[in-house]
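Undergrad: So here's final30.txt (compact mmCIF, C-alpha atoms and all ligand atoms).
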```txt
# COMPACT_ATOMS: atom_id res chain seq x y z
CA MET U 1 -10.12 20.50 31.76
CA ASN U 2 -13.52 20.14 30.07
CA SER U 3 -15.29 16.79 30.12
CA SER U 4 -16.88 15.11 27.15
CA THR U 5 -19.49 12.49 26.31
CA VAL U 6 -20.54 10.60 23.18
CA LYS U 7 -24.16 11.73 22.76
CA ALA U 8 -25.32 9.91 19.65
CA LEU U 9 -24.32 7.49 16.91
CA GLY U 10 -25.34 7.08 13.29
CA ALA U 11 -24.58 4.44 10.69
CA TYR U 12 -24.96 3.73 7.01
CA CYS U 13 -24.52 0.52 5.08
CA PRO U 14 -24.65 0.46 1.26
CA HIS U 15 -27.37 -1.61 -0.38
CA THR U 16 -25.51 -4.28 -2.32
CA LYS U 17 -25.00 -7.35 -0.16
CA VAL U 18 -22.14 -9.56 -1.30
CA ASP U 19 -22.09 -13.12 0.02
CA ASN U 20 -19.01 -15.32 0.04
CA SER U 21 -20.46 -17.21 -2.93
CA TYR U 22 -19.65 -14.17 -5.10
CA PHE U 23 -15.93 -14.86 -4.58
CA GLU U 24 -16.39 -18.54 -5.41
CA GLY U 25 -17.39 -17.36 -8.88
CA ILE U 26 -14.30 -15.23 -9.52
CA LEU U 27 -11.52 -16.88 -7.45
CA ASP U 28 -10.20 -20.21 -6.26
CA THR U 29 -11.85 -19.95 -2.83
CA SER U 30 -14.92 -21.19 -1.00
CA ASP U 31 -17.55 -20.03 1.44
CA THR U 32 -16.25 -22.67 3.86
CA TRP U 33 -12.65 -21.39 3.69
CA ILE U 34 -13.70 -17.77 4.21
CA ARG U 35 -15.97 -18.62 7.17
CA GLU U 36 -13.43 -20.92 8.78
CA ARG U 37 -10.48 -18.51 8.50
CA THR U 38 -12.26 -15.19 9.03
CA GLY U 39 -15.82 -15.73 10.29
CA ILE U 40 -17.05 -13.42 7.51
CA GLU U 41 -20.46 -14.32 6.09
CA SER U 42 -21.19 -11.25 3.98
CA ARG U 43 -20.17 -7.66 3.28
CA TYR U 44 -21.81 -4.71 1.46
CA PHE U 45 -20.40 -2.80 -1.51
CA ALA U 46 -21.17 0.80 -2.44
CA ALA U 47 -22.84 1.62 -5.74
CA GLU U 48 -20.65 2.89 -8.59
CA ASN U 49 -21.82 6.48 -8.12
CA GLU U 50 -21.62 6.37 -4.31
CA TYR U 51 -18.67 7.95 -2.47
CA THR U 52 -17.35 8.08 1.09
CA GLY U 53 -18.81 11.59 1.56
CA ASP U 54 -22.26 10.33 0.54
CA MET U 55 -22.08 7.51 3.06
CA CYS U 56 -20.98 9.91 5.81
CA VAL U 57 -23.89 12.26 5.11
CA ASN U 58 -26.28 9.29 5.22
CA ALA U 59 -24.80 8.17 8.56
CA ALA U 60 -25.23 11.71 9.95
CA LEU U 61 -28.85 11.88 8.73
CA ASP U 62 -29.49 8.52 10.39
CA MET U 63 -28.14 9.97 13.64
CA GLN U 64 -30.35 13.05 13.24
CA LYS U 65 -33.45 10.93 12.61
CA ASN U 66 -32.93 8.68 15.64
CA PHE U 67 -31.59 11.17 18.15
CA ASN U 68 -33.05 14.55 17.00
CA VAL U 69 -29.57 16.01 16.80
CA ASP U 70 -29.08 19.67 15.90
CA PHE U 71 -26.01 20.01 13.66
CA SER U 72 -26.10 23.83 13.40
CA ASP U 73 -23.66 24.39 16.28
CA VAL U 74 -21.21 21.60 15.45
CA ASP U 75 -17.81 23.31 15.59
CA PHE U 76 -15.50 20.58 14.30
CA ILE U 77 -15.79 17.65 11.86
CA ILE U 78 -13.26 14.82 11.78
CA VAL U 79 -13.41 12.20 9.04
CA ALA U 80 -11.28 9.08 9.40
CA SER U 81 -10.91 7.36 6.05
CA MET U 82 -8.28 5.95 3.71
CA THR U 83 -10.75 6.07 0.84
CA PRO U 84 -11.67 9.78 0.56
CA ASP U 85 -13.69 10.98 -2.43
CA GLN U 86 -10.58 12.78 -3.70
CA THR U 87 -7.39 14.22 -2.22
CA ILE U 88 -8.73 17.78 -2.01
CA PRO U 89 -11.22 19.04 -1.04
CA ASN U 90 -11.36 16.78 1.97
CA VAL U 91 -14.45 14.77 2.84
CA ALA U 92 -15.05 16.78 6.03
CA SER U 93 -15.57 19.98 3.97
CA GLN U 94 -18.10 18.21 1.78
CA ILE U 95 -20.00 17.12 4.87
CA GLN U 96 -19.94 20.69 6.25
CA THR U 97 -21.69 22.08 3.21
CA ARG U 98 -24.11 19.21 2.72
CA LEU U 99 -25.27 19.30 6.35
CA GLY U 100 -25.46 23.12 6.21
CA ILE U 101 -23.17 23.67 9.20
CA ARG U 102 -21.98 27.29 9.18
CA ASN U 103 -18.98 27.65 11.47
CA THR U 104 -16.94 24.53 11.82
CA GLY U 105 -13.43 23.16 11.44
CA ALA U 106 -13.16 20.27 9.01
CA VAL U 107 -10.33 17.78 8.78
CA ASP U 108 -9.69 14.31 7.33
CA ILE U 109 -7.33 11.93 9.08
CA CYS U 110 -5.72 8.86 7.57
CA CYS U 111 -4.69 6.06 9.89
CA ALA U 112 -6.54 3.18 8.26
CA CYS U 113 -8.50 0.90 10.59
CA SER U 114 -7.46 2.81 13.74
CA GLY U 115 -9.01 6.01 12.39
CA PHE U 116 -12.26 6.13 14.34
CA CYS U 117 -10.50 5.75 17.70
CA TYR U 118 -7.91 8.35 16.69
CA GLY U 119 -10.82 10.65 15.79
CA LEU U 120 -12.55 10.14 19.15
CA THR U 121 -9.25 10.72 20.97
CA MET U 122 -8.68 13.98 19.08
CA ALA U 123 -12.26 15.09 19.74
CA LYS U 124 -11.82 14.46 23.46
CA GLY U 125 -8.58 16.47 23.38
CA LEU U 126 -10.10 19.43 21.48
CA ILE U 127 -12.98 19.59 23.95
CA ALA U 128 -10.69 19.19 26.98
CA ALA U 129 -8.53 22.07 25.73
CA GLY U 130 -11.57 24.33 25.34
CA CYS U 131 -11.18 24.64 21.54
CA CYS U 132 -14.50 22.99 20.68
CA ARG U 133 -17.84 22.01 22.21
CA LYS U 134 -19.54 19.76 19.67
CA ILE U 135 -17.67 17.48 17.28
CA LEU U 136 -18.78 15.00 14.64
CA VAL U 137 -16.39 12.06 14.21
CA PHE U 138 -16.83 9.83 11.15
CA GLY U 139 -15.27 6.51 10.25
CA ALA U 140 -16.09 5.64 6.65
CA GLU U 141 -14.61 3.52 3.87
CA ILE U 142 -15.25 2.27 0.38
CA MET U 143 -12.79 -0.62 0.53
CA SER U 144 -14.29 -2.22 -2.59
CA ARG U 145 -12.55 0.49 -4.68
CA ILE U 146 -9.08 -0.36 -3.37
CA ILE U 147 -9.03 -4.14 -3.28
CA ASP U 148 -7.57 -6.30 -6.00
CA PHE U 149 -10.29 -8.81 -6.86
CA LYS U 150 -7.59 -11.21 -8.12
CA ASP U 151 -5.89 -11.34 -4.68
CA ARG U 152 -7.80 -14.01 -2.73
CA ASN U 153 -5.71 -13.39 0.35
CA THR U 154 -7.06 -9.84 0.66
CA CYS U 155 -10.24 -9.11 -1.29
CA ILE U 156 -12.45 -11.54 0.61
CA LEU U 157 -11.85 -9.61 3.84
CA PHE U 158 -13.18 -6.12 3.19
CA GLY U 159 -16.50 -4.29 2.94
CA ASP U 160 -17.90 -0.74 2.73
CA GLY U 161 -19.78 1.32 5.33
CA ALA U 162 -19.88 4.44 7.47
CA GLY U 163 -20.51 5.37 11.07
CA CYS U 164 -20.42 8.60 13.04
CA ALA U 165 -20.38 9.74 16.65
CA LEU U 166 -21.35 13.07 18.17
CA VAL U 167 -18.94 14.05 20.93
CA GLU U 168 -20.04 16.96 23.14
CA ARG U 169 -18.67 18.95 26.02
CA SER U 170 -20.61 17.88 29.11
CA GLU U 171 -20.86 18.23 32.87
CA GLU U 172 -20.18 14.57 33.40
CA ASN U 173 -17.12 12.93 31.88
CA THR U 174 -17.87 9.61 30.17
CA VAL U 175 -14.90 9.43 27.81
CA PHE U 176 -12.09 8.14 29.98
CA GLU U 177 -8.39 7.46 29.49
CA CYS U 178 -7.08 6.77 26.00
CA PHE U 179 -3.81 5.85 24.36
CA SER U 180 -2.37 5.68 20.84
CA GLY U 181 0.73 4.13 19.31
CA THR U 182 2.56 3.32 16.09
CA ASP U 183 5.16 0.93 14.69
CA GLY U 184 6.19 2.44 11.37
CA SER U 185 8.79 -0.27 10.77
CA MET U 186 5.90 -2.59 9.81
CA GLY U 187 4.67 -0.22 7.08
CA LYS U 188 5.63 -2.54 4.23
CA GLU U 189 3.36 -5.34 5.54
CA LEU U 190 0.11 -3.47 4.81
CA TYR U 191 0.04 -0.61 2.35
CA LEU U 192 -1.59 1.14 -0.59
CA SER U 193 0.42 3.33 -2.94
CA THR U 194 0.16 5.02 -6.30
CA ARG U 195 3.87 5.88 -6.42
CA ASN U 196 6.85 3.59 -7.02
CA ARG U 197 9.06 3.81 -4.00
CA TYR U 198 10.56 1.91 -1.13
CA VAL U 199 9.12 1.58 2.37
CA ASN U 200 11.68 0.60 5.01
CA GLY U 201 13.92 -0.83 2.28
CA ALA U 202 11.16 -2.90 0.66
CA GLU U 203 9.93 -2.15 -2.86
CA ILE U 204 6.19 -1.66 -2.90
CA ILE U 205 3.67 -2.26 -5.66
CA ALA U 206 2.22 1.08 -6.77
CA ASP U 207 -1.16 0.15 -8.20
CA GLY U 208 -3.52 1.96 -5.83
CA MET U 209 -4.63 -1.34 -4.26
CA VAL U 210 -4.26 -2.69 -0.72
CA HIS U 211 -1.39 -5.15 -0.35
CA GLN U 212 -0.71 -7.12 2.79
CA ASN U 213 1.30 -9.89 4.29
CA GLY U 214 -1.72 -11.54 5.93
CA ARG U 215 0.23 -13.71 8.36
CA ALA U 216 2.46 -10.84 9.54
CA VAL U 217 -0.56 -8.58 10.05
CA TYR U 218 -2.43 -11.33 11.90
CA LYS U 219 0.43 -12.02 14.29
CA TRP U 220 1.05 -8.34 15.01
CA ALA U 221 -2.69 -7.65 15.46
CA VAL U 222 -3.18 -10.48 17.98
CA ASN U 223 -0.26 -9.20 20.08
CA THR U 224 -1.22 -5.53 19.77
CA LEU U 225 -4.85 -6.14 20.62
CA SER U 226 -4.06 -8.37 23.61
CA GLU U 227 -1.48 -5.94 24.97
CA GLY U 228 -3.61 -2.90 24.12
CA LEU U 229 -6.67 -4.13 26.02
CA ARG U 230 -4.50 -4.81 29.08
CA THR U 231 -2.97 -1.32 28.78
CA LEU U 232 -6.40 0.29 28.52
CA ALA U 233 -7.59 -1.51 31.65
CA SER U 234 -4.44 -0.48 33.51
CA ILE U 235 -4.53 3.23 32.58
CA ASN U 236 -8.22 3.36 33.50
CA GLY U 237 -7.67 1.70 36.86
CA ILE U 238 -10.05 -1.18 36.09
CA THR U 239 -9.77 -4.87 35.27
CA LEU U 240 -10.88 -6.49 32.02
CA ASP U 241 -13.69 -8.10 34.03
CA ASP U 242 -15.09 -4.62 34.74
CA VAL U 243 -15.74 -4.05 31.03
CA ASP U 244 -19.27 -4.78 29.84
CA CYS U 245 -18.56 -4.78 26.10
CA PHE U 246 -15.38 -4.80 24.04
CA LEU U 247 -15.41 -3.11 20.64
CA PRO U 248 -12.12 -4.05 18.99
CA HIS U 249 -11.52 -3.28 15.34
CA SER U 250 -13.36 -6.02 13.43
CA ALA U 251 -10.68 -7.34 11.07
CA ASN U 252 -11.17 -11.09 11.37
CA TYR U 253 -13.46 -12.91 13.82
CA ARG U 254 -10.99 -15.79 14.28
CA MET U 255 -8.36 -13.23 15.27
CA LEU U 256 -10.76 -11.81 17.88
CA GLU U 257 -11.49 -15.32 19.18
CA ALA U 258 -7.75 -15.97 19.60
CA VAL U 259 -7.28 -12.69 21.50
CA PHE U 260 -10.26 -13.17 23.81
CA LYS U 261 -9.36 -16.79 24.50
CA GLY U 262 -5.83 -15.70 25.41
CA LEU U 263 -7.16 -13.03 27.76
CA GLY U 264 -9.76 -15.37 29.27
CA ILE U 265 -12.66 -13.10 28.24
CA PRO U 266 -15.90 -14.78 27.08
CA MET U 267 -16.71 -14.07 23.42
CA ASP U 268 -20.20 -12.79 24.30
CA LYS U 269 -18.50 -9.67 25.68
CA CYS U 270 -17.07 -8.89 22.22
CA VAL U 271 -19.31 -6.90 19.87
CA ASP U 272 -18.12 -7.27 16.26
CA SER U 273 -19.20 -6.09 12.85
CA VAL U 274 -16.93 -8.31 10.76
CA ARG U 275 -19.18 -11.36 10.37
CA ARG U 276 -21.94 -9.32 8.76
CA TYR U 277 -20.11 -6.38 7.15
CA GLY U 278 -16.55 -7.70 6.59
CA ASN U 279 -13.59 -5.55 7.60
CA THR U 280 -14.88 -2.02 7.02
CA SER U 281 -11.68 -0.42 8.35
CA ALA U 282 -12.40 2.93 10.05
CA ALA U 283 -16.16 2.16 9.99
CA SER U 284 -15.90 -1.18 11.77
CA ILE U 285 -16.07 0.05 15.38
CA PRO U 286 -18.97 2.53 14.98
CA LEU U 287 -20.89 -0.11 12.97
CA ALA U 288 -20.38 -2.67 15.78
CA TRP U 289 -21.33 -0.11 18.44
CA TYR U 290 -24.47 0.83 16.51
CA GLU U 291 -25.48 -2.82 16.03
CA GLY U 292 -24.83 -3.46 19.72
CA LEU U 293 -27.15 -0.56 20.62
CA ARG U 294 -29.82 -1.51 18.10
CA THR U 295 -30.01 -5.11 19.31
CA GLY U 296 -29.96 -4.20 23.01
CA ARG U 297 -26.56 -5.85 23.50
CA ILE U 298 -25.07 -2.48 24.59
CA ARG U 299 -27.04 -0.57 27.21
CA GLN U 300 -26.88 2.84 28.85
CA GLY U 301 -24.29 2.83 31.62
CA ASP U 302 -22.21 0.04 30.08
CA THR U 303 -18.43 0.38 30.26
CA LEU U 304 -17.02 -0.01 26.74
CA MET U 305 -13.49 -0.56 25.57
CA LEU U 306 -12.68 0.46 21.98
CA LEU U 307 -9.41 -0.46 20.30
CA GLY U 308 -8.53 0.21 16.66
CA PHE U 309 -5.46 -1.14 14.86
CA GLY U 310 -4.30 -1.13 11.27
CA ALA U 311 -1.87 0.04 8.61
CA GLY U 312 1.06 2.05 9.79
CA PHE U 313 1.02 -0.02 11.89
CA THR U 314 -1.10 2.26 14.06
CA TYR U 315 -3.31 1.62 17.05
CA SER U 316 -5.52 3.68 19.30
CA GLY U 317 -7.90 2.82 22.11
CA LEU U 318 -10.16 4.34 24.69
CA CYS U 319 -12.51 3.41 27.46
CA LEU U 320 -15.90 5.09 27.88
CA ARG U 321 -19.31 4.79 29.46
CA ASN U 322 -22.12 4.39 26.98
CA THR U 323 -24.80 7.05 27.52
CA ILE U 324 -26.70 6.39 24.29
CA ASP U 325 -30.19 4.91 24.46
CA GLY U 326 -30.23 2.21 21.79
CA SER U 327 -34.03 1.85 21.92
CA ARG U 328 -34.27 5.15 20.01
CA ILE U 329 -32.71 3.57 16.92
CA GLY U 330 -35.37 2.81 14.34
CA GLN U 331 -38.23 4.54 16.19
CA ASN U 332 -38.47 7.46 13.79
CA VAL U 333 -38.23 5.47 10.51
N1 LIG A 1 -9.40 -19.00 -0.28
C1 LIG A 1 -8.75 -20.18 -0.27
N2 LIG A 1 -7.45 -20.32 0.07
C2 LIG A 1 -6.80 -19.19 0.41
C3 LIG A 1 -7.43 -17.91 0.41
C4 LIG A 1 -8.77 -17.86 0.05
N3 LIG A 1 -9.48 -16.70 0.02
N4 LIG A 1 -6.52 -16.98 0.80
C5 LIG A 1 -5.38 -17.63 1.03
N5 LIG A 1 -5.54 -18.97 0.78
C6 LIG A 1 -4.57 -20.06 0.92
C7 LIG A 1 -3.13 -19.59 0.87
O1 LIG A 1 -2.73 -19.42 -0.49
C8 LIG A 1 -2.43 -20.73 1.56
O2 LIG A 1 -2.28 -21.79 0.63
P1 LIG A 1 -0.92 -22.68 0.61
O3 LIG A 1 -0.88 -23.32 1.98
O4 LIG A 1 -1.17 -23.61 -0.51
O5 LIG A 1 0.17 -21.70 0.40
C9 LIG A 1 -3.44 -21.18 2.61
O6 LIG A 1 -4.71 -20.65 2.21
C10 LIG A 1 -3.12 -20.68 4.00
O7 LIG A 1 -2.71 -19.31 3.91
P2 LIG A 1 -2.48 -18.42 5.19
O8 LIG A 1 -2.01 -17.09 4.74
O9 LIG A 1 -1.64 -19.19 6.17
O10 LIG A 1 -3.96 -18.35 5.74
P3 LIG A 1 -4.42 -17.72 7.09
O11 LIG A 1 -5.11 -18.74 7.91
O12 LIG A 1 -3.33 -16.91 7.71
O13 LIG A 1 -5.55 -16.71 6.59
C11 LIG A 1 -5.85 -14.36 6.23
C12 LIG A 1 -5.23 -15.67 5.71
C13 LIG A 1 -5.53 -13.24 5.25
C14 LIG A 1 -7.36 -14.57 6.32
C15 LIG A 1 -5.26 -14.09 7.65
O14 LIG A 1 -3.85 -14.16 7.58
C16 LIG A 1 -5.64 -12.74 8.15
O15 LIG A 1 -6.79 -12.47 8.43
N6 LIG A 1 -4.67 -11.83 8.35
C17 LIG A 1 -4.91 -10.50 8.85
C18 LIG A 1 -5.40 -9.63 7.71
C19 LIG A 1 -6.03 -8.36 8.22
O16 LIG A 1 -6.75 -8.39 9.17
N7 LIG A 1 -5.75 -7.25 7.54
C20 LIG A 1 -6.29 -5.98 7.87
C21 LIG A 1 -5.77 -5.50 9.18
S1 LIG A 1 -6.55 -4.04 9.72
```
Represent the structure of the file as C-alpha cells.
Ligand code: COA

TA:
Amino acid sequence: MNSSTVKALGAYCPHTKVDNSYFEGILDTSDTWIRERTGIESRYFAAENEYTGDMCVNAALDMQKNFNVDFSDVDFIIVASMTPDQTIPNVASQIQTRLGIRNTGAVDICCACSGFCYGLTMAKGLIAAGCCRKILVFGAEIMSRIIDFKDRNTCILFGDGAGCALVERSEENTVFECFSGTDGSMGKELYLSTRNRYVNGAEIIADGMVHQNGRAVYKWAVNTLSEGLRTLASINGITLDDVDCFLPHSANYRMLEAVFKGLGIPMDKCVDSVRRYGNTSAASIPLAWYEGLRTGRIRQGDTLMLLGFGAGFTYSGLCLRNTIDGSRIGQNV
C-alpha cells in the first residue's frame, strides 16, 4: 500500500466582507443574537460574476505562490462543492484547463459540508491503490447564491470561500486512519432542491435554496461530532489528549464549544473558521487549517484531527500529521 502526505494548502476568500449589521438592515435580527447563538462575526460574499471554479483557481494559485508547487504532473482533481458553476461540465474540468494540467482525472463530489474530508479520504485511497501520485483536493462554496435572505434562521450562518490541499504519494505516511458515515433518514432536515418531491415521506420546498430544521441539525451535529472524534481517536490508537489541533467543520462556534466542553477538551485546541468566515461548508476545514498555519497556531509535526459533517446527513473524518510549514504563507506576496 502506498503512503501519502498533504504537501501544501491554498486558500481564497472573496473580497466583500459582510458584517452581522448587514442582516440587521434586512431582517428582524441583531448582531448580539447572531454572536450569542453562533459566534459568527462576519462572512465574505463572492462578487456577482465570481463562480466556484474561479475561487478554486485562486486558491490553487495561492498554493503555488506560497509553496512553489508544480501542477503539471497532478493526475487527479477532486472538487467538493454543493454550489458548482453548473451541472456539467464539472468544476474539476474547468480547473484542469485553467491550470494547464495535461493528463489528469477530474471529478466533483457533492456531500455538502463533509466534502473536503471525503475528498481527502478518496485521495488517500487512490494513492494507496496505486492509481494516482499527486492529487488536488478542493473544498469550495458560494453559499450566498443558495440562501434565502428572508430566512433568518439560515441566511445569517453561511459565507463563501475556497481551500485546496495537495496530497502526494510519499515515503512517509502522514495521513492516518479515516472513517466516513451517513444517515440518509435525516435528509429532510437539511436540503436544497429544484424539483418538487418527497424525501423520506416529507414534502420539500423546491426553490433552489437551503432549508433546514436548525434545532434538529444542531442536536445531530453535536452527537455526531462528539462520537466521531472519539471514533477517530480509537481507530488511530491515540487519545484525544494526543491531538494537537482539532479541525471540525465550522458550522457554529457555540456548537463546537458544547462538543469540546462535553469531551473535556480545551477550546484553544480547536481551530475554527466560522467566527470570521461564517459556515463555508466544504471550504470551512481548509480555511481553518490555512488560518492555523498562517498564524502559527498549527506547526509542522502537529497531530491534527479533521471531521466534516453536513447534509445527507453525511460525515467523514481523518487524522493526520501536519507537514506543512506555515511560515511560507505570505512570504512570496
Ligand atoms: N435572529 C433573531 N432571532 C432568531 C434568528 C435570528 N437570526 N433565527 C431564529 N431566531 C429566533 C427563532 O425564531 C426563535 O424564536 P421563538 O422562540 O420566538 O420561536 C428563537 O430565535 C430561538 O430559535 P432556535 O431555533 O431555538 O435558536 P437556536 O439557539 O437553536 O439557534 C440556529 C438557531 C440555526 C443558529 C441553531 O439551531 C443552529 O446553528 N443549528 C445548526 C445549523 C447548522 O449548523 N446548519 C448547517 C450544518 S452543516

Undergrad: Please give me, as a PDB file with C-alpha atoms, in the frame of the given file, the residues lying within 7 Å of ligand LIG 1 (chain A) when counting all atoms listed in the file.

TA:
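Result went into result-v7.pdb, see below:
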```pdb
ATOM      1  CA  ASP U  28     -10.200 -20.210  -6.260  1.00  0.00           C
ATOM      2  CA  THR U  29     -11.850 -19.950  -2.830  1.00  0.00           C
ATOM      3  CA  SER U  30     -14.920 -21.190  -1.000  1.00  0.00           C
ATOM      4  CA  TRP U  33     -12.650 -21.390   3.690  1.00  0.00           C
ATOM      5  CA  ILE U  34     -13.700 -17.770   4.210  1.00  0.00           C
ATOM      6  CA  ARG U  37     -10.480 -18.510   8.500  1.00  0.00           C
ATOM      7  CA  THR U  38     -12.260 -15.190   9.030  1.00  0.00           C
ATOM      8  CA  CYS U 113      -8.500   0.900  10.590  1.00  0.00           C
ATOM      9  CA  ARG U 152      -7.800 -14.010  -2.730  1.00  0.00           C
ATOM     10  CA  ASN U 153      -5.710 -13.390   0.350  1.00  0.00           C
ATOM     11  CA  THR U 154      -7.060  -9.840   0.660  1.00  0.00           C
ATOM     12  CA  ILE U 156     -12.450 -11.540   0.610  1.00  0.00           C
ATOM     13  CA  GLN U 212      -0.710  -7.120   2.790  1.00  0.00           C
ATOM     14  CA  GLY U 214      -1.720 -11.540   5.930  1.00  0.00           C
ATOM     15  CA  ARG U 215       0.230 -13.710   8.360  1.00  0.00           C
ATOM     16  CA  VAL U 217      -0.560  -8.580  10.050  1.00  0.00           C
ATOM     17  CA  TYR U 218      -2.430 -11.330  11.900  1.00  0.00           C
ATOM     18  CA  ALA U 251     -10.680  -7.340  11.070  1.00  0.00           C
ATOM     19  CA  ASN U 252     -11.170 -11.090  11.370  1.00  0.00           C
ATOM     20  CA  SER U 281     -11.680  -0.420   8.350  1.00  0.00           C
ATOM     21  CA  PHE U 309      -5.460  -1.140  14.860  1.00  0.00           C
ATOM     22  CA  GLY U 310      -4.300  -1.130  11.270  1.00  0.00           C
ATOM     23  CA  ALA U 311      -1.870   0.040   8.610  1.00  0.00           C
TER      24      ALA U 311
END
```

Undergrad: So which residues are close to (-14.2, 3.1, 24.7), meaning at most 6 Å away in the file's coordinates with only C-alpha atoms counted, and can you show them as a PyMOL selection string?

TA: chain U and resi 304-306+318-320

Undergrad: Could you name the residues that touch stretch 169-184 of chain U at 6 Å or less, counting all atoms listed in the file, but leaving out those on the same chain fewer than 2 positions away, as a short mmCIF file (atom, residue, chain, number, x, y, z; two decimals) with C-alpha atoms, keeping the file's coordinate frame?

TA:
```cif
data_model
loop_
_atom_site.label_atom_id
_atom_site.label_comp_id
_atom_site.auth_asym_id
_atom_site.auth_seq_id
_atom_site.Cartn_x
_atom_site.Cartn_y
_atom_site.Cartn_z
CA SER U 3 -15.29 16.79 30.12
CA SER U 4 -16.88 15.11 27.15
CA THR U 5 -19.49 12.49 26.31
CA ARG U 133 -17.84 22.01 22.21
CA MET U 186 5.90 -2.59 9.81
CA GLY U 187 4.67 -0.22 7.08
CA ASN U 236 -8.22 3.36 33.50
CA GLY U 312 1.06 2.05 9.79
CA PHE U 313 1.02 -0.02 11.89
CA THR U 314 -1.10 2.26 14.06
CA TYR U 315 -3.31 1.62 17.05
CA SER U 316 -5.52 3.68 19.30
CA GLY U 317 -7.90 2.82 22.11
CA LEU U 318 -10.16 4.34 24.69
CA CYS U 319 -12.51 3.41 27.46
CA LEU U 320 -15.90 5.09 27.88
CA ARG U 321 -19.31 4.79 29.46
#
```

Undergrad: Restricting the calculation to all atoms listed in the file, which member of U:Asn196, U:Thr231, U:Ser42, U:Asn68 is positioned closest to U:Lys7?

TA: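 Using all atoms listed in the file, the shortest distance to U:Lys7 belongs to U:Asn68.
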
Undergrad: Tell me which of U:Asp242, U:Asp62, U:Glu203, U:Asp108 sits closest to U:Val137, counting all atoms listed in the file.

TA: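 Closest residue, counting all atoms listed in the file: U:Asp108.
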
Undergrad: Using only C-alpha atoms, which residue out of U:Ile329, U:Gly119, U:Leu190, U:Ile142 lies closest to U:Trp220?

TA: U:Leu190

Undergrad: Return stretch 312-323 of chain U, completed with N, CA, C and O atoms, as an mmCIF file, in the frame of the given file.

TA:
```
data_model
loop_
_atom_site.group_PDB
_atom_site.id
_atom_site.type_symbol
_atom_site.label_atom_id
_atom_site.label_comp_id
_atom_site.auth_asym_id
_atom_site.auth_seq_id
_atom_site.Cartn_x
_atom_site.Cartn_y
_atom_site.Cartn_z
ATOM 1 N N GLY U 312 0.173 1.095 9.140
ATOM 2 C CA GLY U 312 1.060 2.050 9.790
ATOM 3 C C GLY U 312 2.342 1.407 10.273
ATOM 4 O O GLY U 312 3.404 1.746 9.845
ATOM 5 N N PHE U 313 2.230 0.388 11.181
ATOM 6 C CA PHE U 313 1.020 -0.020 11.890
ATOM 7 C C PHE U 313 0.662 1.007 12.947
ATOM 8 O O PHE U 313 1.548 1.493 13.668
ATOM 9 N N THR U 314 -0.627 1.306 13.059
ATOM 10 C CA THR U 314 -1.100 2.260 14.060
ATOM 11 C C THR U 314 -2.101 1.578 14.989
ATOM 12 O O THR U 314 -2.713 0.579 14.610
ATOM 13 N N TYR U 315 -2.261 2.103 16.158
ATOM 14 C CA TYR U 315 -3.310 1.620 17.050
ATOM 15 C C TYR U 315 -3.750 2.752 17.979
ATOM 16 O O TYR U 315 -3.000 3.704 18.214
ATOM 17 N N SER U 316 -4.961 2.633 18.458
ATOM 18 C CA SER U 316 -5.520 3.680 19.300
ATOM 19 C C SER U 316 -6.727 3.106 20.050
ATOM 20 O O SER U 316 -7.544 2.408 19.453
ATOM 21 N N GLY U 317 -6.790 3.385 21.344
ATOM 22 C CA GLY U 317 -7.900 2.820 22.110
ATOM 23 C C GLY U 317 -8.399 3.767 23.170
ATOM 24 O O GLY U 317 -7.690 4.695 23.595
ATOM 25 N N LEU U 318 -9.614 3.546 23.594
ATOM 26 C CA LEU U 318 -10.160 4.340 24.690
ATOM 27 C C LEU U 318 -11.272 3.575 25.405
ATOM 28 O O LEU U 318 -11.821 2.622 24.868
ATOM 29 N N CYS U 319 -11.506 4.033 26.616
ATOM 30 C CA CYS U 319 -12.510 3.410 27.460
ATOM 31 C C CYS U 319 -13.585 4.472 27.691
ATOM 32 O O CYS U 319 -13.251 5.655 27.884
ATOM 33 N N LEU U 320 -14.840 4.096 27.626
ATOM 34 C CA LEU U 320 -15.900 5.090 27.880
ATOM 35 C C LEU U 320 -17.143 4.449 28.455
ATOM 36 O O LEU U 320 -17.305 3.225 28.405
ATOM 37 N N ARG U 321 -18.012 5.282 28.991
ATOM 38 C CA ARG U 321 -19.310 4.790 29.460
ATOM 39 C C ARG U 321 -20.343 5.132 28.395
ATOM 40 O O ARG U 321 -20.435 6.292 27.953
ATOM 41 N N ASN U 322 -21.104 4.126 27.990
ATOM 42 C CA ASN U 322 -22.120 4.390 26.980
ATOM 43 C C ASN U 322 -23.306 5.124 27.593
ATOM 44 O O ASN U 322 -23.913 4.654 28.559
ATOM 45 N N THR U 323 -23.646 6.298 27.032
ATOM 46 C CA THR U 323 -24.800 7.050 27.520
ATOM 47 C C THR U 323 -25.942 7.046 26.485
ATOM 48 O O THR U 323 -26.983 7.672 26.695
#
```
